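See below for the structure under consideration.
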Amino acid sequence: MSSAALILAAGESRRMGSPKALLDYAGASFLDTLVGLVAPRCSPVIVVLGAAADEIRAAARRAAAFVVNPAWQRGQTTSMQCGLRAVPPEAEGVLFPLVDHPAIAPATVDDLLDRQPGELLRVPRYRGRRGHPIWFSRELIPEFLDLPESGAARDVVRRHEADTGFLDLDDPGIVADIDDRADYAALLGEAP
């Protein structure tokens, strides 16, 4: 099965104070880390930019298909929809990592891409907490595209709970959401 990857990196990163896509993690930017993780497993890798688009694209060291969401200020749903419009018709599914989750284990991505019959979604969990990335079937793309700007991807995910494969994984990276400097320090193992 072939899947595209869709990485959202369009937000303003207000709480962080600088673009999260450019933060360093293990010797590479968050964005380059994620592209390097998913590119051997997914094609194409689509990166949605918005705020600081030129700066992020110029700093990227790994190849990806960059699209710019002109409506990025209107929220994450518009960025997801912008990226989904770039998913090629041959992609049978979409892996959906967020740029502020750079610590995902490669085995997690492999597990998410191992779709089982009847599953429209695959959602990872760590110690009972749902995390990212998720994988979803191309069948759901129209539902994501139909969301209003005020909607959220989780609205579609919840609608299809019965068609979801939940993966209980030993990967704290799936819940390591880096929103501010304290989260970033914790990720790097630095004292507060």
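By convention here, the chains of the structure tokens are called A, B, ... in the order presented, each chain's residues are numbered starting at 1, and ligands are numbered starting at 1 in the order presented.
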
Exercise for the section: Run DSSP on the backbone of this structure and report the residues of region 56-192 of chain A it assigns to helix (DSSP H, G or I), as a PyMOL selection string. Expected result: chain A and resi 56-59+72-74+76-84+106-113+138-145+153-159+161-163+172-175+181-187

Practice task
Write out as a PyMOL selection string each polymer residue whose atoms come within 10 Å of Glu143 (chain A), counting only C-alpha atoms; drop sequence neighbours fewer than 3 positions from it.
Solution key: chain A and resi 138-140+146-147+153+155-157

Just write the chosen residues, all heavy atoms, as a compact mmCIF listing (two decimals), in the first residue's frame.
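New file out_21.txt:
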```txt
# COMPACT_ATOMS: atom_id res chain seq x y z
N ARG A 138 -7.51 7.10 2.12
CA ARG A 138 -7.90 8.15 1.18
C ARG A 138 -9.42 8.32 1.14
O ARG A 138 -9.92 9.38 0.78
CB ARG A 138 -7.27 7.89 -0.19
CG ARG A 138 -8.14 7.37 -1.27
CD ARG A 138 -7.53 7.52 -2.66
NE ARG A 138 -7.68 8.86 -3.17
CZ ARG A 138 -6.73 9.80 -3.23
NH1 ARG A 138 -5.53 9.56 -2.84
NH2 ARG A 138 -6.99 10.99 -3.71
N GLU A 139 -10.18 7.27 1.52
CA GLU A 139 -11.64 7.37 1.56
C GLU A 139 -12.12 8.52 2.44
O GLU A 139 -13.22 9.04 2.25
CB GLU A 139 -12.25 6.08 2.10
CG GLU A 139 -12.08 4.87 1.22
CD GLU A 139 -12.57 3.61 1.92
OE1 GLU A 139 -13.72 3.60 2.41
OE2 GLU A 139 -11.80 2.64 1.99
N LEU A 140 -11.32 8.90 3.43
CA LEU A 140 -11.73 9.96 4.36
C LEU A 140 -11.34 11.37 3.90
O LEU A 140 -11.77 12.35 4.50
CB LEU A 140 -11.14 9.70 5.74
CG LEU A 140 -11.63 8.43 6.44
CD1 LEU A 140 -11.01 8.30 7.82
CD2 LEU A 140 -13.15 8.40 6.52
N ASP A 146 -14.34 18.61 3.68
CA ASP A 146 -15.65 19.22 3.95
C ASP A 146 -15.74 19.89 5.32
O ASP A 146 -16.75 20.54 5.62
CB ASP A 146 -16.76 18.17 3.84
CG ASP A 146 -17.09 17.83 2.40
OD1 ASP A 146 -16.70 18.59 1.49
OD2 ASP A 146 -17.73 16.76 2.17
N LEU A 147 -14.72 19.75 6.16
CA LEU A 147 -14.78 20.38 7.49
C LEU A 147 -14.85 21.90 7.34
O LEU A 147 -14.16 22.48 6.50
CB LEU A 147 -13.52 20.04 8.30
CG LEU A 147 -13.42 18.65 8.89
CD1 LEU A 147 -12.01 18.41 9.43
CD2 LEU A 147 -14.45 18.46 10.00
N ALA A 153 -9.70 18.09 12.68
CA ALA A 153 -9.52 16.74 12.17
C ALA A 153 -10.10 15.71 13.13
O ALA A 153 -10.65 14.69 12.70
CB ALA A 153 -8.05 16.47 11.92
N ASP A 155 -12.75 15.75 14.64
CA ASP A 155 -14.19 15.55 14.39
C ASP A 155 -14.40 14.36 13.45
O ASP A 155 -15.28 13.53 13.67
CB ASP A 155 -14.82 16.80 13.79
CG ASP A 155 -14.69 18.03 14.69
OD1 ASP A 155 -14.55 17.85 15.92
OD2 ASP A 155 -14.72 19.16 14.17
N VAL A 156 -13.59 14.25 12.40
CA VAL A 156 -13.69 13.13 11.47
C VAL A 156 -13.20 11.85 12.16
O VAL A 156 -13.82 10.80 12.03
CB VAL A 156 -12.87 13.41 10.19
CG1 VAL A 156 -12.86 12.18 9.28
CG2 VAL A 156 -13.43 14.63 9.45
N VAL A 157 -12.12 11.96 12.91
CA VAL A 157 -11.57 10.78 13.60
C VAL A 157 -12.63 10.20 14.55
O VAL A 157 -12.86 8.99 14.56
CB VAL A 157 -10.28 11.16 14.36
CG1 VAL A 157 -9.81 10.01 15.24
CG2 VAL A 157 -9.19 11.57 13.38
```

Handout entry: Nearby residues (only C-alpha atoms) at most 7 Å from Trp72 (chain A), same-chain spacing under 3 positions excluded, as a PyMOL selection string
Key = chain A and resi 10-11+50+69+75+78-79

Let's see if you can do this: from backbone DSSP, list all strand (DSSP E) residues in chain A, as a PDB file with N, CA, C and O atoms, in the first residue's frame.
```
ATOM      1  N   SER A   3       1.295   5.287   0.717  1.00  0.00           N
ATOM      2  CA  SER A   3       0.725   6.397   1.476  1.00  0.00           C
ATOM      3  C   SER A   3       1.551   7.644   1.253  1.00  0.00           C
ATOM      4  O   SER A   3       2.771   7.582   1.119  1.00  0.00           O
ATOM      5  N   ALA A   4       0.873   8.783   1.221  1.00  0.00           N
ATOM      6  CA  ALA A   4       1.544  10.072   1.238  1.00  0.00           C
ATOM      7  C   ALA A   4       1.738  10.463   2.698  1.00  0.00           C
ATOM      8  O   ALA A   4       1.063   9.945   3.587  1.00  0.00           O
ATOM      9  N   ALA A   5       2.665  11.375   2.942  1.00  0.00           N
ATOM     10  CA  ALA A   5       2.808  11.960   4.276  1.00  0.00           C
ATOM     11  C   ALA A   5       2.459  13.435   4.161  1.00  0.00           C
ATOM     12  O   ALA A   5       2.813  14.097   3.174  1.00  0.00           O
ATOM     13  N   LEU A   6       1.767  13.939   5.152  1.00  0.00           N
ATOM     14  CA  LEU A   6       1.343  15.336   5.174  1.00  0.00           C
ATOM     15  C   LEU A   6       1.798  15.950   6.488  1.00  0.00           C
ATOM     16  O   LEU A   6       1.282  15.611   7.550  1.00  0.00           O
ATOM     17  N   ILE A   7       2.797  16.839   6.411  1.00  0.00           N
ATOM     18  CA  ILE A   7       3.358  17.477   7.603  1.00  0.00           C
ATOM     19  C   ILE A   7       2.907  18.928   7.630  1.00  0.00           C
ATOM     20  O   ILE A   7       3.165  19.690   6.693  1.00  0.00           O
ATOM     21  N   LEU A   8       2.246  19.316   8.705  1.00  0.00           N
ATOM     22  CA  LEU A   8       1.806  20.707   8.849  1.00  0.00           C
ATOM     23  C   LEU A   8       2.884  21.512   9.562  1.00  0.00           C
ATOM     24  O   LEU A   8       3.297  21.171  10.667  1.00  0.00           O
ATOM     25  N   ALA A   9       3.341  22.576   8.905  1.00  0.00           N
ATOM     26  CA  ALA A   9       4.352  23.470   9.474  1.00  0.00           C
ATOM     27  C   ALA A   9       3.990  24.913   9.152  1.00  0.00           C
ATOM     28  O   ALA A   9       4.850  25.738   8.849  1.00  0.00           O
ATOM     29  N   ASP A  24      16.124  22.651  16.587  1.00  0.00           N
ATOM     30  CA  ASP A  24      17.050  21.530  16.448  1.00  0.00           C
ATOM     31  C   ASP A  24      16.612  20.348  17.311  1.00  0.00           C
ATOM     32  O   ASP A  24      16.231  20.511  18.470  1.00  0.00           O
ATOM     33  N   TYR A  25      16.678  19.170  16.715  1.00  0.00           N
ATOM     34  CA  TYR A  25      16.443  17.937  17.455  1.00  0.00           C
ATOM     35  C   TYR A  25      17.401  16.882  16.906  1.00  0.00           C
ATOM     36  O   TYR A  25      17.333  16.530  15.723  1.00  0.00           O
ATOM     37  N   ALA A  28      19.326  17.915  13.630  1.00  0.00           N
ATOM     38  CA  ALA A  28      18.578  18.361  12.452  1.00  0.00           C
ATOM     39  C   ALA A  28      17.379  19.172  12.936  1.00  0.00           C
ATOM     40  O   ALA A  28      17.000  19.102  14.109  1.00  0.00           O
ATOM     41  N   SER A  29      16.771  19.918  12.033  1.00  0.00           N
ATOM     42  CA  SER A  29      15.570  20.662  12.409  1.00  0.00           C
ATOM     43  C   SER A  29      14.418  19.683  12.633  1.00  0.00           C
ATOM     44  O   SER A  29      14.453  18.541  12.153  1.00  0.00           O
ATOM     45  N   VAL A  45       6.098  13.286   0.233  1.00  0.00           N
ATOM     46  CA  VAL A  45       6.055  13.940   1.539  1.00  0.00           C
ATOM     47  C   VAL A  45       5.668  15.388   1.256  1.00  0.00           C
ATOM     48  O   VAL A  45       6.405  16.124   0.593  1.00  0.00           O
ATOM     49  N   ILE A  46       4.490  15.762   1.727  1.00  0.00           N
ATOM     50  CA  ILE A  46       3.940  17.100   1.485  1.00  0.00           C
ATOM     51  C   ILE A  46       4.083  17.906   2.762  1.00  0.00           C
ATOM     52  O   ILE A  46       3.657  17.465   3.832  1.00  0.00           O
ATOM     53  N   VAL A  47       4.685  19.088   2.662  1.00  0.00           N
ATOM     54  CA  VAL A  47       4.863  19.979   3.809  1.00  0.00           C
ATOM     55  C   VAL A  47       4.062  21.239   3.547  1.00  0.00           C
ATOM     56  O   VAL A  47       4.272  21.912   2.529  1.00  0.00           O
ATOM     57  N   VAL A  48       3.151  21.554   4.452  1.00  0.00           N
ATOM     58  CA  VAL A  48       2.330  22.751   4.315  1.00  0.00           C
ATOM     59  C   VAL A  48       2.965  23.874   5.130  1.00  0.00           C
ATOM     60  O   VAL A  48       3.163  23.744   6.334  1.00  0.00           O
ATOM     61  N   LEU A  49       3.260  24.967   4.440  1.00  0.00           N
ATOM     62  CA  LEU A  49       3.864  26.142   5.068  1.00  0.00           C
ATOM     63  C   LEU A  49       2.864  27.287   5.093  1.00  0.00           C
ATOM     64  O   LEU A  49       1.892  27.304   4.341  1.00  0.00           O
ATOM     65  N   ALA A  65       7.692  18.019  -1.036  1.00  0.00           N
ATOM     66  CA  ALA A  65       6.809  18.849  -1.855  1.00  0.00           C
ATOM     67  C   ALA A  65       6.233  19.930  -0.942  1.00  0.00           C
ATOM     68  O   ALA A  65       5.455  19.615  -0.033  1.00  0.00           O
ATOM     69  N   PHE A  66       6.645  21.160  -1.139  1.00  0.00           N
ATOM     70  CA  PHE A  66       6.179  22.258  -0.295  1.00  0.00           C
ATOM     71  C   PHE A  66       4.973  22.927  -0.935  1.00  0.00           C
ATOM     72  O   PHE A  66       4.988  23.236  -2.127  1.00  0.00           O
ATOM     73  N   VAL A  67       3.935  23.132  -0.126  1.00  0.00           N
ATOM     74  CA  VAL A  67       2.783  23.914  -0.550  1.00  0.00           C
ATOM     75  C   VAL A  67       2.563  24.995   0.503  1.00  0.00           C
ATOM     76  O   VAL A  67       2.843  24.785   1.687  1.00  0.00           O
ATOM     77  N   VAL A  68       2.106  26.143   0.059  1.00  0.00           N
ATOM     78  CA  VAL A  68       1.877  27.256   0.983  1.00  0.00           C
ATOM     79  C   VAL A  68       0.379  27.476   1.120  1.00  0.00           C
ATOM     80  O   VAL A  68      -0.344  27.603   0.125  1.00  0.00           O
ATOM     81  N   GLY A  93      -3.489   6.157   1.196  1.00  0.00           N
ATOM     82  CA  GLY A  93      -3.705   6.676   2.533  1.00  0.00           C
ATOM     83  C   GLY A  93      -2.779   7.847   2.786  1.00  0.00           C
ATOM     84  O   GLY A  93      -1.940   8.202   1.951  1.00  0.00           O
ATOM     85  N   VAL A  94      -2.950   8.450   3.961  1.00  0.00           N
ATOM     86  CA  VAL A  94      -2.160   9.619   4.342  1.00  0.00           C
ATOM     87  C   VAL A  94      -1.661   9.425   5.765  1.00  0.00           C
ATOM     88  O   VAL A  94      -2.456   9.174   6.684  1.00  0.00           O
ATOM     89  N   LEU A  95      -0.353   9.543   5.934  1.00  0.00           N
ATOM     90  CA  LEU A  95       0.240   9.601   7.265  1.00  0.00           C
ATOM     91  C   LEU A  95       0.290  11.073   7.630  1.00  0.00           C
ATOM     92  O   LEU A  95       0.760  11.900   6.845  1.00  0.00           O
ATOM     93  N   PHE A  96      -0.168  11.409   8.830  1.00  0.00           N
ATOM     94  CA  PHE A  96      -0.381  12.814   9.203  1.00  0.00           C
ATOM     95  C   PHE A  96       0.412  13.160  10.464  1.00  0.00           C
ATOM     96  O   PHE A  96      -0.131  13.191  11.556  1.00  0.00           O
ATOM     97  N   LEU A 121      -8.769   4.304   9.752  1.00  0.00           N
ATOM     98  CA  LEU A 121      -7.817   5.111  10.513  1.00  0.00           C
ATOM     99  C   LEU A 121      -6.951   4.206  11.369  1.00  0.00           C
ATOM    100  O   LEU A 121      -7.392   3.126  11.768  1.00  0.00           O
ATOM    101  N   ARG A 122      -5.753   4.691  11.673  1.00  0.00           N
ATOM    102  CA  ARG A 122      -4.877   4.035  12.649  1.00  0.00           C
ATOM    103  C   ARG A 122      -4.357   5.136  13.566  1.00  0.00           C
ATOM    104  O   ARG A 122      -3.814   6.138  13.093  1.00  0.00           O
ATOM    105  N   VAL A 123      -4.548   4.946  14.854  1.00  0.00           N
ATOM    106  CA  VAL A 123      -4.206   5.963  15.849  1.00  0.00           C
ATOM    107  C   VAL A 123      -3.294   5.345  16.903  1.00  0.00           C
ATOM    108  O   VAL A 123      -3.652   4.332  17.509  1.00  0.00           O
ATOM    109  N   PRO A 124      -2.129   5.957  17.140  1.00  0.00           N
ATOM    110  CA  PRO A 124      -1.229   5.421  18.164  1.00  0.00           C
ATOM    111  C   PRO A 124      -1.621   5.900  19.558  1.00  0.00           C
ATOM    112  O   PRO A 124      -2.157   7.000  19.719  1.00  0.00           O
ATOM    113  N   ARG A 125      -1.338   5.055  20.543  1.00  0.00           N
ATOM    114  CA  ARG A 125      -1.543   5.452  21.939  1.00  0.00           C
ATOM    115  C   ARG A 125      -0.303   5.089  22.743  1.00  0.00           C
ATOM    116  O   ARG A 125       0.332   4.066  22.490  1.00  0.00           O
ATOM    117  N   TYR A 126      -0.015   5.936  23.700  1.00  0.00           N
ATOM    118  CA  TYR A 126       1.076   5.678  24.639  1.00  0.00           C
ATOM    119  C   TYR A 126       0.512   5.794  26.040  1.00  0.00           C
ATOM    120  O   TYR A 126       0.017   6.856  26.434  1.00  0.00           O
ATOM    121  N   ARG A 129      -2.890   7.349  26.235  1.00  0.00           N
ATOM    122  CA  ARG A 129      -3.076   8.672  25.611  1.00  0.00           C
ATOM    123  C   ARG A 129      -2.900   8.576  24.106  1.00  0.00           C
ATOM    124  O   ARG A 129      -1.915   8.048  23.617  1.00  0.00           O
ATOM    125  N   ARG A 130      -3.867   9.128  23.375  1.00  0.00           N
ATOM    126  CA  ARG A 130      -3.757   9.173  21.918  1.00  0.00           C
ATOM    127  C   ARG A 130      -2.682  10.172  21.521  1.00  0.00           C
ATOM    128  O   ARG A 130      -2.463  11.169  22.205  1.00  0.00           O
ATOM    129  N   ILE A 134      -1.210  10.167  12.967  1.00  0.00           N
ATOM    130  CA  ILE A 134      -2.263   9.210  12.661  1.00  0.00           C
ATOM    131  C   ILE A 134      -2.127   8.861  11.184  1.00  0.00           C
ATOM    132  O   ILE A 134      -1.462   9.566  10.420  1.00  0.00           O
ATOM    133  N   TRP A 135      -2.740   7.749  10.809  1.00  0.00           N
ATOM    134  CA  TRP A 135      -2.840   7.371   9.403  1.00  0.00           C
ATOM    135  C   TRP A 135      -4.313   7.275   9.080  1.00  0.00           C
ATOM    136  O   TRP A 135      -5.123   6.823   9.895  1.00  0.00           O
ATOM    137  N   PHE A 136      -4.692   7.725   7.867  1.00  0.00           N
ATOM    138  CA  PHE A 136      -6.080   7.544   7.447  1.00  0.00           C
ATOM    139  C   PHE A 136      -6.153   7.181   5.969  1.00  0.00           C
ATOM    140  O   PHE A 136      -5.283   7.529   5.175  1.00  0.00           O
ATOM    141  N   SER A 137      -7.205   6.458   5.639  1.00  0.00           N
ATOM    142  CA  SER A 137      -7.455   6.016   4.273  1.00  0.00           C
ATOM    143  C   SER A 137      -7.850   7.198   3.395  1.00  0.00           C
ATOM    144  O   SER A 137      -8.497   8.145   3.863  1.00  0.00           O
ATOM    145  N   THR A 164     -11.507   2.397  13.398  1.00  0.00           N
ATOM    146  CA  THR A 164     -10.164   2.817  13.762  1.00  0.00           C
ATOM    147  C   THR A 164      -9.395   1.689  14.428  1.00  0.00           C
ATOM    148  O   THR A 164      -9.913   1.018  15.312  1.00  0.00           O
ATOM    149  N   GLY A 165      -8.163   1.520  13.979  1.00  0.00           N
ATOM    150  CA  GLY A 165      -7.249   0.610  14.659  1.00  0.00           C
ATOM    151  C   GLY A 165      -6.417   1.402  15.642  1.00  0.00           C
ATOM    152  O   GLY A 165      -5.713   2.331  15.256  1.00  0.00           O
ATOM    153  N   PHE A 166      -6.539   1.082  16.918  1.00  0.00           N
ATOM    154  CA  PHE A 166      -5.750   1.758  17.952  1.00  0.00           C
ATOM    155  C   PHE A 166      -4.513   0.917  18.238  1.00  0.00           C
ATOM    156  O   PHE A 166      -4.621  -0.284  18.486  1.00  0.00           O
ATOM    157  N   LEU A 167      -3.357   1.552  18.205  1.00  0.00           N
ATOM    158  CA  LEU A 167      -2.090   0.858  18.405  1.00  0.00           C
ATOM    159  C   LEU A 167      -1.490   1.303  19.729  1.00  0.00           C
ATOM    160  O   LEU A 167      -1.142   2.475  19.888  1.00  0.00           O
ATOM    161  N   ASP A 168      -1.416   0.399  20.687  1.00  0.00           N
ATOM    162  CA  ASP A 168      -0.784   0.707  21.965  1.00  0.00           C
ATOM    163  C   ASP A 168       0.705   0.449  21.825  1.00  0.00           C
ATOM    164  O   ASP A 168       1.136  -0.701  21.694  1.00  0.00           O
TER     165      ASP A 168
END
```

Handout entry: Shortest interatomic distance to Ser43 (chain A) - which of A:Ser2, A:Ser150, A:Gln116, A:Thr108, counting only C-alpha atoms
Key = A:Ser2

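Of the listed residues A:Glu149, A:Asp100, A:Ala86, A:Asp54, the one whose atoms come nearest to Asp180 (chain A) is A:Asp100, with distances taken using only C-alpha atoms.
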
List every residue of region 2-31 of chain A that has an atom at most 12 Å from any atom of region 185-190 of chain A, giving for each one its closest atom pair and the distance in Å to one decimal, counting only C-alpha atoms, sorted by chain and then by ascending residue number, as CSV.
```
residue,atom,partner,partner_atom,distance
A:Met16,CA,A:Ala185,CA,11.3
A:Leu23,CA,A:Leu188,CA,11.0
A:Asp24,CA,A:Leu188,CA,9.4
A:Tyr25,CA,A:Leu188,CA,7.6
A:Ala26,CA,A:Leu188,CA,8.6
A:Gly27,CA,A:Leu188,CA,11.3
A:Phe30,CA,A:Leu187,CA,11.6
```

Write the residues of the preceding selection, restricted to N, CA and C atoms, as a PDB file, in the first residue's frame.
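As a result, part30.pdb now contains:
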```pdb
ATOM      1  N   MET A  16       6.185  29.442  21.211  1.00  0.00           N
ATOM      2  CA  MET A  16       7.600  29.101  21.126  1.00  0.00           C
ATOM      3  C   MET A  16       8.448  30.341  20.882  1.00  0.00           C
ATOM      4  N   LEU A  23      13.476  24.332  14.856  1.00  0.00           N
ATOM      5  CA  LEU A  23      14.158  23.963  16.096  1.00  0.00           C
ATOM      6  C   LEU A  23      15.020  22.722  15.877  1.00  0.00           C
ATOM      7  N   ASP A  24      16.124  22.651  16.587  1.00  0.00           N
ATOM      8  CA  ASP A  24      17.050  21.530  16.448  1.00  0.00           C
ATOM      9  C   ASP A  24      16.612  20.348  17.311  1.00  0.00           C
ATOM     10  N   TYR A  25      16.678  19.170  16.715  1.00  0.00           N
ATOM     11  CA  TYR A  25      16.443  17.937  17.455  1.00  0.00           C
ATOM     12  C   TYR A  25      17.401  16.882  16.906  1.00  0.00           C
ATOM     13  N   ALA A  26      18.315  16.424  17.726  1.00  0.00           N
ATOM     14  CA  ALA A  26      19.270  15.378  17.360  1.00  0.00           C
ATOM     15  C   ALA A  26      20.059  15.737  16.105  1.00  0.00           C
ATOM     16  N   GLY A  27      20.447  17.006  15.999  1.00  0.00           N
ATOM     17  CA  GLY A  27      21.314  17.420  14.908  1.00  0.00           C
ATOM     18  C   GLY A  27      20.635  17.833  13.625  1.00  0.00           C
ATOM     19  N   PHE A  30      13.411  20.155  13.364  1.00  0.00           N
ATOM     20  CA  PHE A  30      12.216  19.321  13.539  1.00  0.00           C
ATOM     21  C   PHE A  30      11.711  18.846  12.173  1.00  0.00           C
TER      22      PHE A  30
END
```

Practice task
Identify which of the residues A:Arg159, A:Ala51, A:Cys42, A:Ala176 lies closest to Ser13 (chain A), counting only C-alpha atoms when measuring atom-to-atom distances.
Solution key: A:Ala51

Completion exercise
Of A:His160, A:His101, A:Arg57, A:Arg62, the one nearest to Asp32 (chain A) when counting only C-alpha atoms is A:Arg62

Problem - Contacts of Ile56 (chain A) within 8 Å, only C-alpha atoms, excl. fewer than 3 positions in-chain, as a PyMOL selection string - result: chain A and resi 19+21-22+49+52-53+59-60

Exercise for the section: Quote the spacing between CA of Asp110 (chain A) and CA of Leu145 (chain A) in Å to one decimal place. Expected result: 26.0 Å
